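Chemist: Handing you a structure now.
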Amino acid sequence: MTGRGAADSLLPAPSFAPSVIQWRSKMAAERDTPPLGSAAAGLADFREPEDGEDLFVSTASTLESSPSSPEPASLQVEDVSANSNGPKTAEILIDDDQDDLFAEATEEVSLDSPEREPILSDGPSPAITPVTPTALISNRIEPKVIGVPSMFERSLDEVEEEAGGDLFDINISVSDPEKVGDGMNAYMAYKVTTKTSLTIFNQSEFSVKRRFSDFLGLHSKLASKYMHIGYIVPPAPEKSIVGMTKVKVGKEDLSSTEFVEKRRSALERYLMRTVKHPTLIQDPDVIQFLESSELPRAVSTQALSGAGILRMVNKAADAVNKMTIKMNESDAWFEEKQQQFENLDQQLRKLHASVEALVCHRKELSVNTASFARSAAMLGNSEDHTALSRALSQLAEVEEKIDQLHQEQAYADFYLFSELLGDYVRLITAVKGVFDQRMKTWSKWQDAQVMLQKKREAEAKLHLANKPDKLQQAKDEIKEWEGKVQQGERDFEQISKTIRKEVGRFEKERVKDFKVVIIKYLESLVHTQQQLIKYWEAFLPEAKAIA
Amino acid sequence: MLKEGKLFFEIYLHFSLLVDLNNDASLLIDIPDALCERDKVKFTVHTKTTLGTFQKPEFSVSRQHEDFIWLHDTLVETEEYAGLIIPPAPPKPDFESPREKMHKLGEGEASMTKEEYAKMKQELEAEYLAVFKKTVQVHEIFLQRLSSHPVFSKDRNFQIFLEYDQDLSVRRKNAKEMFGGFFKNMVKTADEVLISGTKEVDEFFDQEKTFLLDYFSKIKDATSKAEKMTRSHKNVADDYIHVSATLNTILYIPLSIPLSRHLEKLADLFEKLRKVEGRVASDQELKLTELLRYYMRDIQAAKDLLYRRARALADYENANKALDKARLKSKDVAQAQQHQQQCLQKFDTLSESGKKELTSFKGRRVLAFRKNLIEMAELEIKHAKSNMALLQGCVELLKSN
C-alpha cells in the first residue's frame with residue numbers, strides 16, 4: 001500500500017474495507033524495521049543543500065537539527081513562533097515528550113499579544129504583516145520561494161483569484177507512521193506527501209517527515225497570525241496523553257494501532273483543510289512545513305512550557321473579557337450568524353455523541369456476532385444429524401464473515417461519520433473564536449476612543465492651567481490617539497469584512513465537504529448490505545439441503 | 001403510559017417452531033387473542049373438535065399462564081407418561097425488558113425532542129407487542145403439541161383445561177398441595193448425576209445420553225449468545241433514531257439551502273433505515289433466538305425422559321438386589337419376585353416408548369431448524385435488499401444535486 005494520496009484525501013482510501021485490513025498488517029511490518037533506517041531514507045530522498053538549515057541552527061540557537069538525537073537536559077530557546085515584539089525565552093522541561101504528559105486537550109491559539117505595534121503597512125496581504133521572524137526566514141530562503149515576495153505587492157483579492165484557479169490542484173497525504181526512539185522520549189514520525197501544480201512550491205511532488213508537535217506548531221503560528229484579523233484557521237488535531245503513552249511504551253495492541261491511525265487520518269484532514277484556504281496556503285510557514293526537510297522544534301506547544309503557561313493565563317483573561325465586553329451590534333448579519341453557529345455547535349455535539357454511540361454499539365454487535373458464530377460452530381459439532389450439523393457449521397461461518405463486516409462498518413461509522421462531525425465541532429469553535437476576535441477588536445477601538453477623549457480633556461485642562469511645555473506633549477498624545485482611533489476603526493472594518501468572506505467560504509466548503517464524505521459513508525453502508533446479501537444467498541441452499 | 005388492552009395479531013408472522021402442528025381436524029386449538037392487565041395475561045383458548053368426548057363442537061375459555069403450568073405439571077406427575085417427552089412448559093410472560101426501557105425513556109424524556117421521544121416510544125411499543133406475540137405463540141404451541149399427540153390428546157386434565165368454563169385456580173391450588181412440586185425438584189437436582197452415573201447397555205440410549213447432555217449445554221450457550229447479538233442489533237436501530245432526530249433538529253437552524261436539502265435527505269434516510277434494522281433484529285430473534293430457546297427446553301424435556309428411564313432402571317436393579325436378598329433369607333420371595341417383574345416391565349415399556357419418542361423428536365427438531373434457517377436467510381436477504389434500495393436512492397439524490 002503506497003502513500004494514501006487519494007484525490008479526496010480527507011478520507012481513507014476509497015474501497016474502505018480492504019485497505020483498513022491491509023493497513024493493519026503494514027503497521028505490524030513497519031514496527032519491525034529499525035526506525036532510523038526509514039527516517040534516514042525518507043530524508044535522503046529529499047535532502048537538498050538548503051540555506052535554510054543554517055538559519056534554523058542560528059536563530060533557534062540551541063535546537064537540534066536531527067530529530068532523532070536525544071535532547072539536552074534543559075535549553076533556553078528563543079520562541080521564534082510567538083507573535084511577539086521580541087524573542088521570548090522559554091524553558092523546556094527535561095522529560096520533554098512531544099506529545100505531552102500534561103495535556104491541554106483543546107487547541108491552542110497564542111493570544112499573548114500585549115499592545116502590538118501596528119505592523120500593517122499600506123495595502124499588502126496579511127500574510128506578511130505579522131511576524132518579523134517569519135519575514136526573516138522568508139528572506140533567507142528567498143531563492144527557493146521566489147514567488148512569494150512578488151505576491152506581497154499585489155492586492156489580496158488578486159492573489160486569491162490566482163490561487164483560487166488552481167486551488168483544487170493540491171493534494172496532501174499523511175502516511176507511514178513510524179516510531180522513532182524509545183521509552184518516554186519516543187515519538188511518531190509521519191510522512192507528509194504533497195502533490196501539486198501550484199507555482200508557490202518548488203516541485204510538483206515531494207515528501208517530508210513530521211512529528212505531531214510540528215503540526216501543532218504550524219497551527220499555533222497560523223492562529224497567532226491570522227485569527228485576530230478574522231481568518232478561520234482550521235484547528236489542529238487534539239492531543240492525547242493516554243493514546244500517545246501507550247504508543248511510547250511500546251504497547252502494540254489493537255488500541256494503540258487504532259490510535260495511530262486515528263491520528264494519522266486527523267492530521268491528513270487537518271492539512272487538507274489548511275491548504276484549501278487560499279490565504280493560508282501561501283503562508284511561508286505552511287510552505288515551509290510542507291517543503292522543508294528540517295523544521296525547528298515547536299517547543300512552545302508543550303503545555304507546561306513558559307509559552308504554554310502564558311497561553312493558559314491569556315485564555316483565562318480572555319474568558320473574563322468576553323463576559324465584560326458588551327458590544328453594540330449594529331450589524332444584524334453578525335448577530336444572526338453568531339446565533340446560528342451557537343445553535344449549530346450545540347446540535348453538532350449532540351449528533352456527534354449519537355454517532356459515537358452508534359460506533360460503540362456496532363462494535364458490540366461485531367463482538368457478539370463473533371461470539372455467536374463460535375457457539376454455533378460448537379453446536380454444529382455436537383449435532384448428530386449430518387445435514388443439520390453441516391448447515392449449522394455453515395451458519396457459523398456466515399456469522400463469522402458478518403462479524404467482520406460489522407467491524408468494518410464500525411470503522412466507516414467512525415472515520416467517515418464520527419470524525420467528520422468531530423472536526424466540524426472543532427471548526428465551529430474556531431469560527432466562534434473569530435467572532436470573539438472581532439469583539440476584541442471593537443473593544444480596542446472603543447478603548448482608544450475613550451483614551452482619546454481623556455487626552456482631549458487633559459489638554460483642555462492644561463490649557464486652562466497654562467502650562468505651555470506640557471501642552472505640546474498633550475497635543476502630541478492627542479495626535480497619537482487620533483491615529484489609534486482611526487486604526488481601530490479600520491481594523492474593525494477589516495476584520496468584519498474578512499469574517500463575512502471567511503464565513504461565506506467556510507459555509508460553501510462545508511457543504512461540499514459534507515456531501516462528499518456523507519456519500520462515501522452511505523456507499524460504505526451499501527457495500528455492507530451487498531455483502532450481507534451475498535453471504536445469506538450462499539447460505540440459503542445449505543439450509544435447504546437439510547433433509 | 002402504554003395502553004394495555006386486547007391485542008390482535010397479524011397472521012403472516014406465524015411461529016414456525018414446529019412443523020405440521022394443528023393439522024388434525026379432529027382437534028384444532030388456537031389462541032386467537034389475549035388480554036394483558038398489569039402483570040396478568042389472560043389467554044383465550046379456542047377449540048374446534050369432532051371428537052365425541054367433548055360436550056360441544058366449538059368453544060372458548062379464558063386461561064392464565066399458571067393454568068398452563070398446572071396442566072404441564074400434572075402431565076409430568078402422571079406415571080403412564082413416564083416414557084414420553086412431555087412438551088416443555090411455556091415460560092412466564094416476561095415484560096421486564098420493555099418495561100425497564102420504558103422507565104429509562106421516561107427519565108431521559110427531558111433531553112430529547114418531542115419527535116425523538118415519540119419515535120422511541122413507538123419502538124418500545126413495538127417491542128412490547130413483540131414480547132406479547134411471542135408469549136401467546138409459545139403458549140399456543142404447547143397446547144398444539146398436546147393436541148397432536150396420540151396419547152396426550154386423550155388426557156383427562158387436558159380436556160378439562162380446554163373445556164371447563166370456570167376458573168381453574170381451585171384445582172391448581174389442590175394440585176400444589178398434593179404434590180408440592182416434589183417430583184419436579186427431584187428431577188432438577190438429581191438428573192445429571194443419575195443419567196451420567198448409570199451404566200448404559202443399550203447402544204441407542206447410550207448414544208442419546210451422550211448426545212443430549214452435550215447438545216443441551218451447547219444449545220443453551222448458543223441461545224444466550226444469539227440473545228446478546230439480537231440486543232446489539234436493536235441498539236444499533238435505536239441509535240439510528242437518535243441520529244435522525246438530531247438531524248431534524250439541525251434543520252431548524254437557518255442553513256444554506258443545499259446543506260438543508262442534504263440534511264433533510266439524510267434524516268429521512270436514517271428514519272427509514274432504523275425501521276428496517278428493527279425488523280432485522282426482531283426477525284432474527286424469532287427465527288434464531290426463539291428457535292434455539294425452544295429446542296433448548298425441548299432437549300431438557302428429552303433429558304427428563306432419560307432421567308425417568310434411569311430411575312426405572314435403578315428401581316429394577318434395586319428390586320433385583322431385594323429379590324436376591326429375599327432368596328437368601330427365603331422370606332417373601334414371591335413378593336419380591338413380583339416387584340422385580342413389575343419394575344422390569346415398567347423399564348421395558350419406558351425404554352420402548354422412549355426410543356420412539358426420541359427418534360421422532362430428532363425428526364421434528366431437524367425439520368424445524370430447516371424451516372427457520374431458510375426463513376431467516378430469506379428475511380435477511382429481503383431486508384438487506386430494502387436497505388440497499390433506500391441507501392442507493394439517497395446516494396443518487398445527493399449526487400444529483
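Residue numbers start at 1 in each chain; chains themselves are named A, B, ... in the order of the C-alpha cells; ligands are numbered from 1 in the order shown.
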Any idea what's packed within 8 Å of stretch 281-294 of chain B, counting only C-alpha atoms, ignoring anything in its chain fewer than 3 positions away? Could you give it as a PyMOL selection string?

Modeler: chain B and resi 15+17+130+219-220+222-223+226-227+230-231+233-234+277-278+297-298+369+372-373+375-376+379

Chemist: Neighbouring residues of A:Thr441 were defined as those with any atom within 9 Å, considering only C-alpha atoms; residues of the same chain fewer than 4 positions away were excluded. Please report them as a PyMOL selection string.

Modeler: chain A and resi 228-229+436-437+445-446+488-489+491-492+495

Chemist: Okay, now the selection with N, CA, C and O atoms, as a short mmCIF file (atom, residue, chain, number, x, y, z; two decimals), in the first residue's frame?

Modeler:
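That gives us result38.cif:
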data_model
loop_
_atom_site.label_atom_id
_atom_site.label_comp_id
_atom_site.auth_asym_id
_atom_site.auth_seq_id
_atom_site.Cartn_x
_atom_site.Cartn_y
_atom_site.Cartn_z
N HIS A 228 -6.61 36.79 14.74
CA HIS A 228 -7.04 38.08 15.26
C HIS A 228 -7.46 39.03 14.16
O HIS A 228 -7.99 40.11 14.43
N ILE A 229 -7.20 38.69 12.91
CA ILE A 229 -7.72 39.54 11.85
C ILE A 229 -8.89 38.88 11.13
O ILE A 229 -9.30 39.32 10.07
N ASP A 436 -15.25 36.21 18.31
CA ASP A 436 -14.75 36.82 19.55
C ASP A 436 -13.64 37.82 19.27
O ASP A 436 -13.56 38.87 19.90
N GLN A 437 -12.80 37.46 18.31
CA GLN A 437 -11.71 38.37 17.95
C GLN A 437 -12.26 39.69 17.45
O GLN A 437 -11.70 40.76 17.72
N TRP A 445 -10.96 49.38 19.80
CA TRP A 445 -11.32 50.62 19.14
C TRP A 445 -12.02 51.54 20.12
O TRP A 445 -11.68 52.73 20.24
N GLN A 446 -12.99 50.96 20.85
CA GLN A 446 -13.73 51.76 21.83
C GLN A 446 -12.80 52.31 22.89
O GLN A 446 -12.91 53.49 23.28
N GLY A 488 -8.06 51.72 14.84
CA GLY A 488 -9.03 50.80 15.46
C GLY A 488 -10.23 50.61 14.59
O GLY A 488 -10.71 49.49 14.39
N GLU A 489 -10.70 51.74 14.04
CA GLU A 489 -11.88 51.64 13.20
C GLU A 489 -11.58 50.84 11.95
O GLU A 489 -12.35 49.99 11.52
N ASP A 491 -9.25 48.60 11.57
CA ASP A 491 -9.10 47.19 11.94
C ASP A 491 -10.46 46.51 12.07
O ASP A 491 -10.67 45.39 11.60
N PHE A 492 -11.36 47.24 12.73
CA PHE A 492 -12.68 46.65 12.96
C PHE A 492 -13.40 46.40 11.64
O PHE A 492 -14.00 45.35 11.43
N ILE A 495 -11.67 43.46 9.86
CA ILE A 495 -11.97 42.13 10.40
C ILE A 495 -13.41 41.76 10.08
O ILE A 495 -13.71 40.60 9.78
#

Chemist: If we count only C-alpha atoms and set the cut-off at 12 Å, which residues sit around B:Gln342, ignoring sequence neighbours fewer than 5 positions away in its own chain? Please answer as a list of chain:residue names.

Modeler: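 Counting only the stated atoms, we get B:Ala312, B:Leu313, B:Asp315, B:Tyr316, B:Glu317, B:Ala319, B:Asn320, B:Gln335, B:Ala336, B:Gln337, B:Phe347, B:Asp348, B:Thr349.
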
Chemist: What would the file look like if the residues just selected were written as a short mmCIF file (atom, residue, chain, number, x, y, z; two decimals), in the first residue's frame with all heavy atoms?

Modeler:
data_model
loop_
_atom_site.label_atom_id
_atom_site.label_comp_id
_atom_site.auth_asym_id
_atom_site.auth_seq_id
_atom_site.Cartn_x
_atom_site.Cartn_y
_atom_site.Cartn_z
N ALA B 312 -36.07 -45.71 36.53
CA ALA B 312 -36.75 -47.01 36.43
C ALA B 312 -35.71 -48.13 36.44
O ALA B 312 -35.92 -49.19 37.04
CB ALA B 312 -37.59 -47.06 35.17
N LEU B 313 -34.59 -47.88 35.77
CA LEU B 313 -33.52 -48.88 35.75
C LEU B 313 -32.96 -49.09 37.15
O LEU B 313 -32.73 -50.24 37.59
CB LEU B 313 -32.41 -48.44 34.79
CG LEU B 313 -31.24 -49.41 34.63
CD1 LEU B 313 -31.75 -50.76 34.12
CD2 LEU B 313 -30.20 -48.85 33.67
N ASP B 315 -34.53 -48.55 39.89
CA ASP B 315 -35.54 -49.30 40.65
C ASP B 315 -35.46 -50.78 40.37
O ASP B 315 -35.56 -51.62 41.27
CB ASP B 315 -36.96 -48.80 40.30
CG ASP B 315 -37.23 -47.42 40.88
OD1 ASP B 315 -36.47 -47.00 41.78
OD2 ASP B 315 -38.19 -46.76 40.43
N TYR B 316 -35.31 -51.10 39.07
CA TYR B 316 -35.23 -52.51 38.68
C TYR B 316 -34.01 -53.17 39.32
O TYR B 316 -34.09 -54.29 39.84
CB TYR B 316 -35.18 -52.61 37.17
CG TYR B 316 -34.90 -54.01 36.66
CD1 TYR B 316 -35.78 -55.07 36.94
CD2 TYR B 316 -33.75 -54.28 35.93
CE1 TYR B 316 -35.51 -56.35 36.49
CE2 TYR B 316 -33.48 -55.55 35.47
CZ TYR B 316 -34.35 -56.58 35.76
OH TYR B 316 -34.09 -57.85 35.33
N GLU B 317 -32.90 -52.49 39.28
CA GLU B 317 -31.68 -53.04 39.87
C GLU B 317 -31.83 -53.24 41.37
O GLU B 317 -31.39 -54.26 41.91
CB GLU B 317 -30.48 -52.16 39.55
CG GLU B 317 -29.96 -52.42 38.15
CD GLU B 317 -28.94 -51.39 37.68
OE1 GLU B 317 -28.64 -50.45 38.47
OE2 GLU B 317 -28.44 -51.53 36.56
N ALA B 319 -34.68 -53.75 42.85
CA ALA B 319 -35.63 -54.86 43.02
C ALA B 319 -34.92 -56.20 42.87
O ALA B 319 -35.20 -57.16 43.60
CB ALA B 319 -36.76 -54.72 42.01
N ASN B 320 -33.97 -56.24 41.92
CA ASN B 320 -33.14 -57.44 41.73
C ASN B 320 -32.38 -57.78 42.99
O ASN B 320 -32.34 -58.93 43.44
CB ASN B 320 -32.13 -57.20 40.61
CG ASN B 320 -32.51 -57.94 39.35
OD1 ASN B 320 -33.36 -58.84 39.40
ND2 ASN B 320 -31.91 -57.58 38.24
N GLN B 335 -43.23 -62.12 46.73
CA GLN B 335 -43.48 -60.67 46.71
C GLN B 335 -42.37 -59.94 45.98
O GLN B 335 -42.59 -59.12 45.10
CB GLN B 335 -43.57 -60.20 48.16
CG GLN B 335 -44.44 -58.98 48.33
CD GLN B 335 -44.46 -58.58 49.81
OE1 GLN B 335 -43.62 -58.99 50.61
NE2 GLN B 335 -45.45 -57.79 50.17
N ALA B 336 -41.17 -60.32 46.37
CA ALA B 336 -40.00 -59.68 45.77
C ALA B 336 -39.95 -59.93 44.27
O ALA B 336 -39.62 -59.05 43.48
CB ALA B 336 -38.72 -60.16 46.45
N GLN B 337 -40.30 -61.17 43.92
CA GLN B 337 -40.27 -61.53 42.51
C GLN B 337 -41.28 -60.69 41.71
O GLN B 337 -40.96 -60.19 40.64
CB GLN B 337 -40.61 -63.02 42.35
CG GLN B 337 -40.02 -63.61 41.11
CD GLN B 337 -39.88 -65.12 41.23
OE1 GLN B 337 -40.54 -65.77 42.05
NE2 GLN B 337 -39.05 -65.69 40.42
N PHE B 347 -39.67 -50.67 33.16
CA PHE B 347 -38.47 -50.23 32.47
C PHE B 347 -38.54 -50.52 30.98
O PHE B 347 -38.17 -49.69 30.16
CB PHE B 347 -37.24 -50.90 33.10
CG PHE B 347 -35.96 -50.59 32.38
CD1 PHE B 347 -35.41 -49.32 32.45
CD2 PHE B 347 -35.32 -51.56 31.61
CE1 PHE B 347 -34.23 -49.02 31.77
CE2 PHE B 347 -34.14 -51.26 30.94
CZ PHE B 347 -33.59 -49.99 31.02
N ASP B 348 -39.01 -51.71 30.64
CA ASP B 348 -39.08 -52.07 29.23
C ASP B 348 -40.05 -51.17 28.46
O ASP B 348 -39.75 -50.73 27.35
CB ASP B 348 -39.50 -53.54 29.08
CG ASP B 348 -38.33 -54.48 29.34
OD1 ASP B 348 -37.17 -54.00 29.23
OD2 ASP B 348 -38.56 -55.68 29.63
N THR B 349 -41.24 -50.95 29.09
CA THR B 349 -42.23 -50.08 28.41
C THR B 349 -41.64 -48.69 28.19
O THR B 349 -41.76 -48.11 27.11
CB THR B 349 -43.50 -49.94 29.28
OG1 THR B 349 -43.81 -51.18 29.88
CG2 THR B 349 -44.66 -49.44 28.45
#

Chemist: Would you give me, as a VMD selection string, the residues of chain B that come within 8 Å of chain A, using only C-alpha atoms?

Modeler: chain B and resid 211 214 to 215 218 to 219 221 to 222 225 to 226 228 to 229 232 to 233 235 to 236 239 to 240 242 to 243 246 to 247 249 to 250 253 to 254 256 258 to 259 262 366 to 367 369 to 370 373 to 374 377 to 378 380 to 381 384 to 385 387 to 388 391 to 392 395 398 to 399

Chemist: One decimal, in Å: what's the spacing between atom CA of B:Glu352 and atom CA of B:Ala301?

Modeler: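 Separation between atom CA of B:Glu352 and atom CA of B:Ala301: 17.1 Å.
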
Chemist: For A:Ile478, work out the shell of residues within 12 Å, counting only C-alpha atoms and skipping chain neighbours fewer than 5 positions away, then give it as a list of chain:residue names.

Modeler: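 Returned residues: A:Ala448, A:Gln449, A:Val450, A:Met451, A:Leu452, A:Gln453, A:Lys454, A:Lys455, A:Arg456, A:Glu457, A:Ala458, A:Glu459, A:Ala460, A:Leu471, A:Gln472, A:Gln473, A:Gly483, A:Lys484, A:Val485.
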
Chemist: Could you write out that same residue set with C-alpha atoms as an mmCIF file, in the first residue's frame?

Modeler:
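Final output, saved to part.cif:
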data_model
loop_
_atom_site.group_PDB
_atom_site.id
_atom_site.type_symbol
_atom_site.label_atom_id
_atom_site.label_comp_id
_atom_site.auth_asym_id
_atom_site.auth_seq_id
_atom_site.Cartn_x
_atom_site.Cartn_y
_atom_site.Cartn_z
ATOM 1 C CA ALA A 448 -8.923 54.039 22.013
ATOM 2 C CA GLN A 449 -11.849 56.416 21.681
ATOM 3 C CA VAL A 450 -12.175 56.634 25.413
ATOM 4 C CA MET A 451 -8.476 57.303 25.739
ATOM 5 C CA LEU A 452 -8.643 59.990 23.066
ATOM 6 C CA GLN A 453 -11.414 61.689 24.939
ATOM 7 C CA LYS A 454 -9.340 61.603 28.109
ATOM 8 C CA LYS A 455 -6.379 63.086 26.338
ATOM 9 C CA ARG A 456 -8.550 65.862 24.945
ATOM 10 C CA GLU A 457 -9.883 66.619 28.365
ATOM 11 C CA ALA A 458 -6.367 66.601 29.756
ATOM 12 C CA GLU A 459 -5.286 69.040 27.079
ATOM 13 C CA ALA A 460 -8.174 71.318 27.814
ATOM 14 C CA LEU A 471 0.657 71.362 26.325
ATOM 15 C CA GLN A 472 2.764 70.292 23.359
ATOM 16 C CA GLN A 473 3.119 66.835 24.786
ATOM 17 C CA GLY A 483 -4.281 57.772 14.871
ATOM 18 C CA LYS A 484 -5.067 54.832 17.079
ATOM 19 C CA VAL A 485 -8.768 55.508 16.881
#

Chemist: Give the answer as one residue: which of B:Glu58, B:Asp39, B:Asp324, B:Asp73 has the shortest atom-to-atom distance to B:Ser26, using only C-alpha atoms?

Modeler: B:Glu58

Chemist: Write out as a ChimeraX atom specification which residues come within 8 Å of stretch 271-275 of chain B when counting only C-alpha atoms, dropping same-chain ones fewer than 6 positions away.

Modeler: /B:237-238,240-241,244,387,390

Chemist: Residues as selected, all heavy atoms, written as a PDB file, in the first residue's frame, can you do that?

Modeler:
ATOM      1  N   ALA B 237     -30.300  -0.054  15.839  1.00  0.00           N
ATOM      2  CA  ALA B 237     -31.524   0.535  15.278  1.00  0.00           C
ATOM      3  C   ALA B 237     -31.942   1.757  16.095  1.00  0.00           C
ATOM      4  O   ALA B 237     -32.334   2.781  15.539  1.00  0.00           O
ATOM      5  CB  ALA B 237     -32.644  -0.501  15.249  1.00  0.00           C
ATOM      6  N   ASP B 238     -31.832   1.666  17.405  1.00  0.00           N
ATOM      7  CA  ASP B 238     -32.181   2.808  18.258  1.00  0.00           C
ATOM      8  C   ASP B 238     -31.275   3.993  17.992  1.00  0.00           C
ATOM      9  O   ASP B 238     -31.720   5.146  17.970  1.00  0.00           O
ATOM     10  CB  ASP B 238     -32.072   2.415  19.739  1.00  0.00           C
ATOM     11  CG  ASP B 238     -33.273   1.596  20.188  1.00  0.00           C
ATOM     12  OD1 ASP B 238     -34.271   1.564  19.449  1.00  0.00           O
ATOM     13  OD2 ASP B 238     -33.210   0.996  21.277  1.00  0.00           O
ATOM     14  N   TYR B 240     -29.928   4.821  15.252  1.00  0.00           N
ATOM     15  CA  TYR B 240     -30.389   5.474  14.020  1.00  0.00           C
ATOM     16  C   TYR B 240     -31.506   6.477  14.324  1.00  0.00           C
ATOM     17  O   TYR B 240     -31.615   7.525  13.685  1.00  0.00           O
ATOM     18  CB  TYR B 240     -30.887   4.440  13.007  1.00  0.00           C
ATOM     19  CG  TYR B 240     -29.796   3.696  12.266  1.00  0.00           C
ATOM     20  CD1 TYR B 240     -28.445   3.927  12.497  1.00  0.00           C
ATOM     21  CD2 TYR B 240     -30.122   2.749  11.302  1.00  0.00           C
ATOM     22  CE1 TYR B 240     -27.468   3.236  11.803  1.00  0.00           C
ATOM     23  CE2 TYR B 240     -29.148   2.048  10.600  1.00  0.00           C
ATOM     24  CZ  TYR B 240     -27.819   2.297  10.856  1.00  0.00           C
ATOM     25  OH  TYR B 240     -26.853   1.606  10.166  1.00  0.00           O
ATOM     26  N   ILE B 241     -32.349   6.121  15.292  1.00  0.00           N
ATOM     27  CA  ILE B 241     -33.429   7.044  15.660  1.00  0.00           C
ATOM     28  C   ILE B 241     -32.852   8.359  16.156  1.00  0.00           C
ATOM     29  O   ILE B 241     -33.271   9.445  15.751  1.00  0.00           O
ATOM     30  CB  ILE B 241     -34.333   6.468  16.773  1.00  0.00           C
ATOM     31  CG1 ILE B 241     -35.028   5.201  16.305  1.00  0.00           C
ATOM     32  CG2 ILE B 241     -35.384   7.489  17.190  1.00  0.00           C
ATOM     33  CD1 ILE B 241     -35.949   4.604  17.344  1.00  0.00           C
ATOM     34  N   SER B 244     -31.302  10.402  13.331  1.00  0.00           N
ATOM     35  CA  SER B 244     -32.346  11.019  12.508  1.00  0.00           C
ATOM     36  C   SER B 244     -32.968  12.208  13.227  1.00  0.00           C
ATOM     37  O   SER B 244     -33.161  13.280  12.646  1.00  0.00           O
ATOM     38  CB  SER B 244     -33.414   9.975  12.174  1.00  0.00           C
ATOM     39  OG  SER B 244     -34.494  10.588  11.539  1.00  0.00           O
ATOM     40  N   ASN B 387     -32.720  -2.235   2.509  1.00  0.00           N
ATOM     41  CA  ASN B 387     -31.717  -1.275   2.959  1.00  0.00           C
ATOM     42  C   ASN B 387     -30.945  -0.707   1.790  1.00  0.00           C
ATOM     43  O   ASN B 387     -30.720   0.506   1.687  1.00  0.00           O
ATOM     44  CB  ASN B 387     -30.724  -1.945   3.920  1.00  0.00           C
ATOM     45  CG  ASN B 387     -31.179  -1.845   5.366  1.00  0.00           C
ATOM     46  OD1 ASN B 387     -31.991  -1.010   5.707  1.00  0.00           O
ATOM     47  ND2 ASN B 387     -30.644  -2.685   6.216  1.00  0.00           N
ATOM     48  N   LEU B 390     -32.916   1.774  -0.243  1.00  0.00           N
ATOM     49  CA  LEU B 390     -33.007   3.057   0.449  1.00  0.00           C
ATOM     50  C   LEU B 390     -31.699   3.844   0.335  1.00  0.00           C
ATOM     51  O   LEU B 390     -31.699   5.038   0.015  1.00  0.00           O
ATOM     52  CB  LEU B 390     -33.311   2.834   1.934  1.00  0.00           C
ATOM     53  CG  LEU B 390     -34.723   2.410   2.300  1.00  0.00           C
ATOM     54  CD1 LEU B 390     -34.778   2.031   3.771  1.00  0.00           C
ATOM     55  CD2 LEU B 390     -35.713   3.521   2.013  1.00  0.00           C
TER      56      LEU B 390
END

Chemist: Give me, as a VMD selection string, all polymer residues having an atom no more than 10 Å from B:Arg63, counting only C-alpha atoms and skipping those fewer than 6 positions away in the same chain.

Modeler: chain B and resid 34 41 to 45 161 to 162 165 to 169

Chemist: Hey, can you spit out that residue selection with C-alpha atoms as a PDB file, in the first residue's frame?

Modeler:
ATOM      1  CA  ALA B  34     -55.192 -12.328  24.697  1.00  0.00           C
ATOM      2  CA  VAL B  41     -52.016 -12.148  30.789  1.00  0.00           C
ATOM      3  CA  LYS B  42     -55.332 -13.811  30.037  1.00  0.00           C
ATOM      4  CA  PHE B  43     -55.341 -16.094  27.004  1.00  0.00           C
ATOM      5  CA  THR B  44     -58.456 -17.033  25.096  1.00  0.00           C
ATOM      6  CA  VAL B  45     -58.143 -20.722  24.245  1.00  0.00           C
ATOM      7  CA  PHE B 161     -58.193 -27.431  30.628  1.00  0.00           C
ATOM      8  CA  LEU B 162     -59.791 -26.904  27.236  1.00  0.00           C
ATOM      9  CA  ASP B 165     -65.696 -22.938  31.663  1.00  0.00           C
ATOM     10  CA  GLN B 166     -64.883 -21.887  35.191  1.00  0.00           C
ATOM     11  CA  ASP B 167     -61.754 -20.646  36.817  1.00  0.00           C
ATOM     12  CA  LEU B 168     -59.134 -23.357  37.262  1.00  0.00           C
ATOM     13  CA  SER B 169     -57.479 -21.714  40.263  1.00  0.00           C
TER      14      SER B 169
END

Chemist: State, in Å with one decimal place, the distance from atom CA of B:Trp70 to atom CA of B:Arg172.

Modeler: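 We find that atom CA of B:Trp70 and atom CA of B:Arg172 lie 6.0 Å from each other.
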
Chemist: Could you jot down the atom CA of A:Leu427 to atom CA of B:Ser400 separation for me, Å, one decimal place?

Modeler: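 It comes out at 27.3 Å.
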
Chemist: When DSSP works through the backbone of this structure, what residues of stretch 8-217 of chain B end up as strand (DSSP E or B), shown as a VMD selection string?

Modeler: chain B and resid 27 to 37 40 to 49 58 to 64

Chemist: Find the residues near B:Pro90: any atom within 9 Å, counting only C-alpha atoms, skip ones fewer than 6 places away on the same chain, and give them as a list in words.

Modeler: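 Within the cut-off, the hits are His65, Phe68, Ile69, Thr135, Val138, His139, Glu140, Ile141 and Phe142 of chain B.
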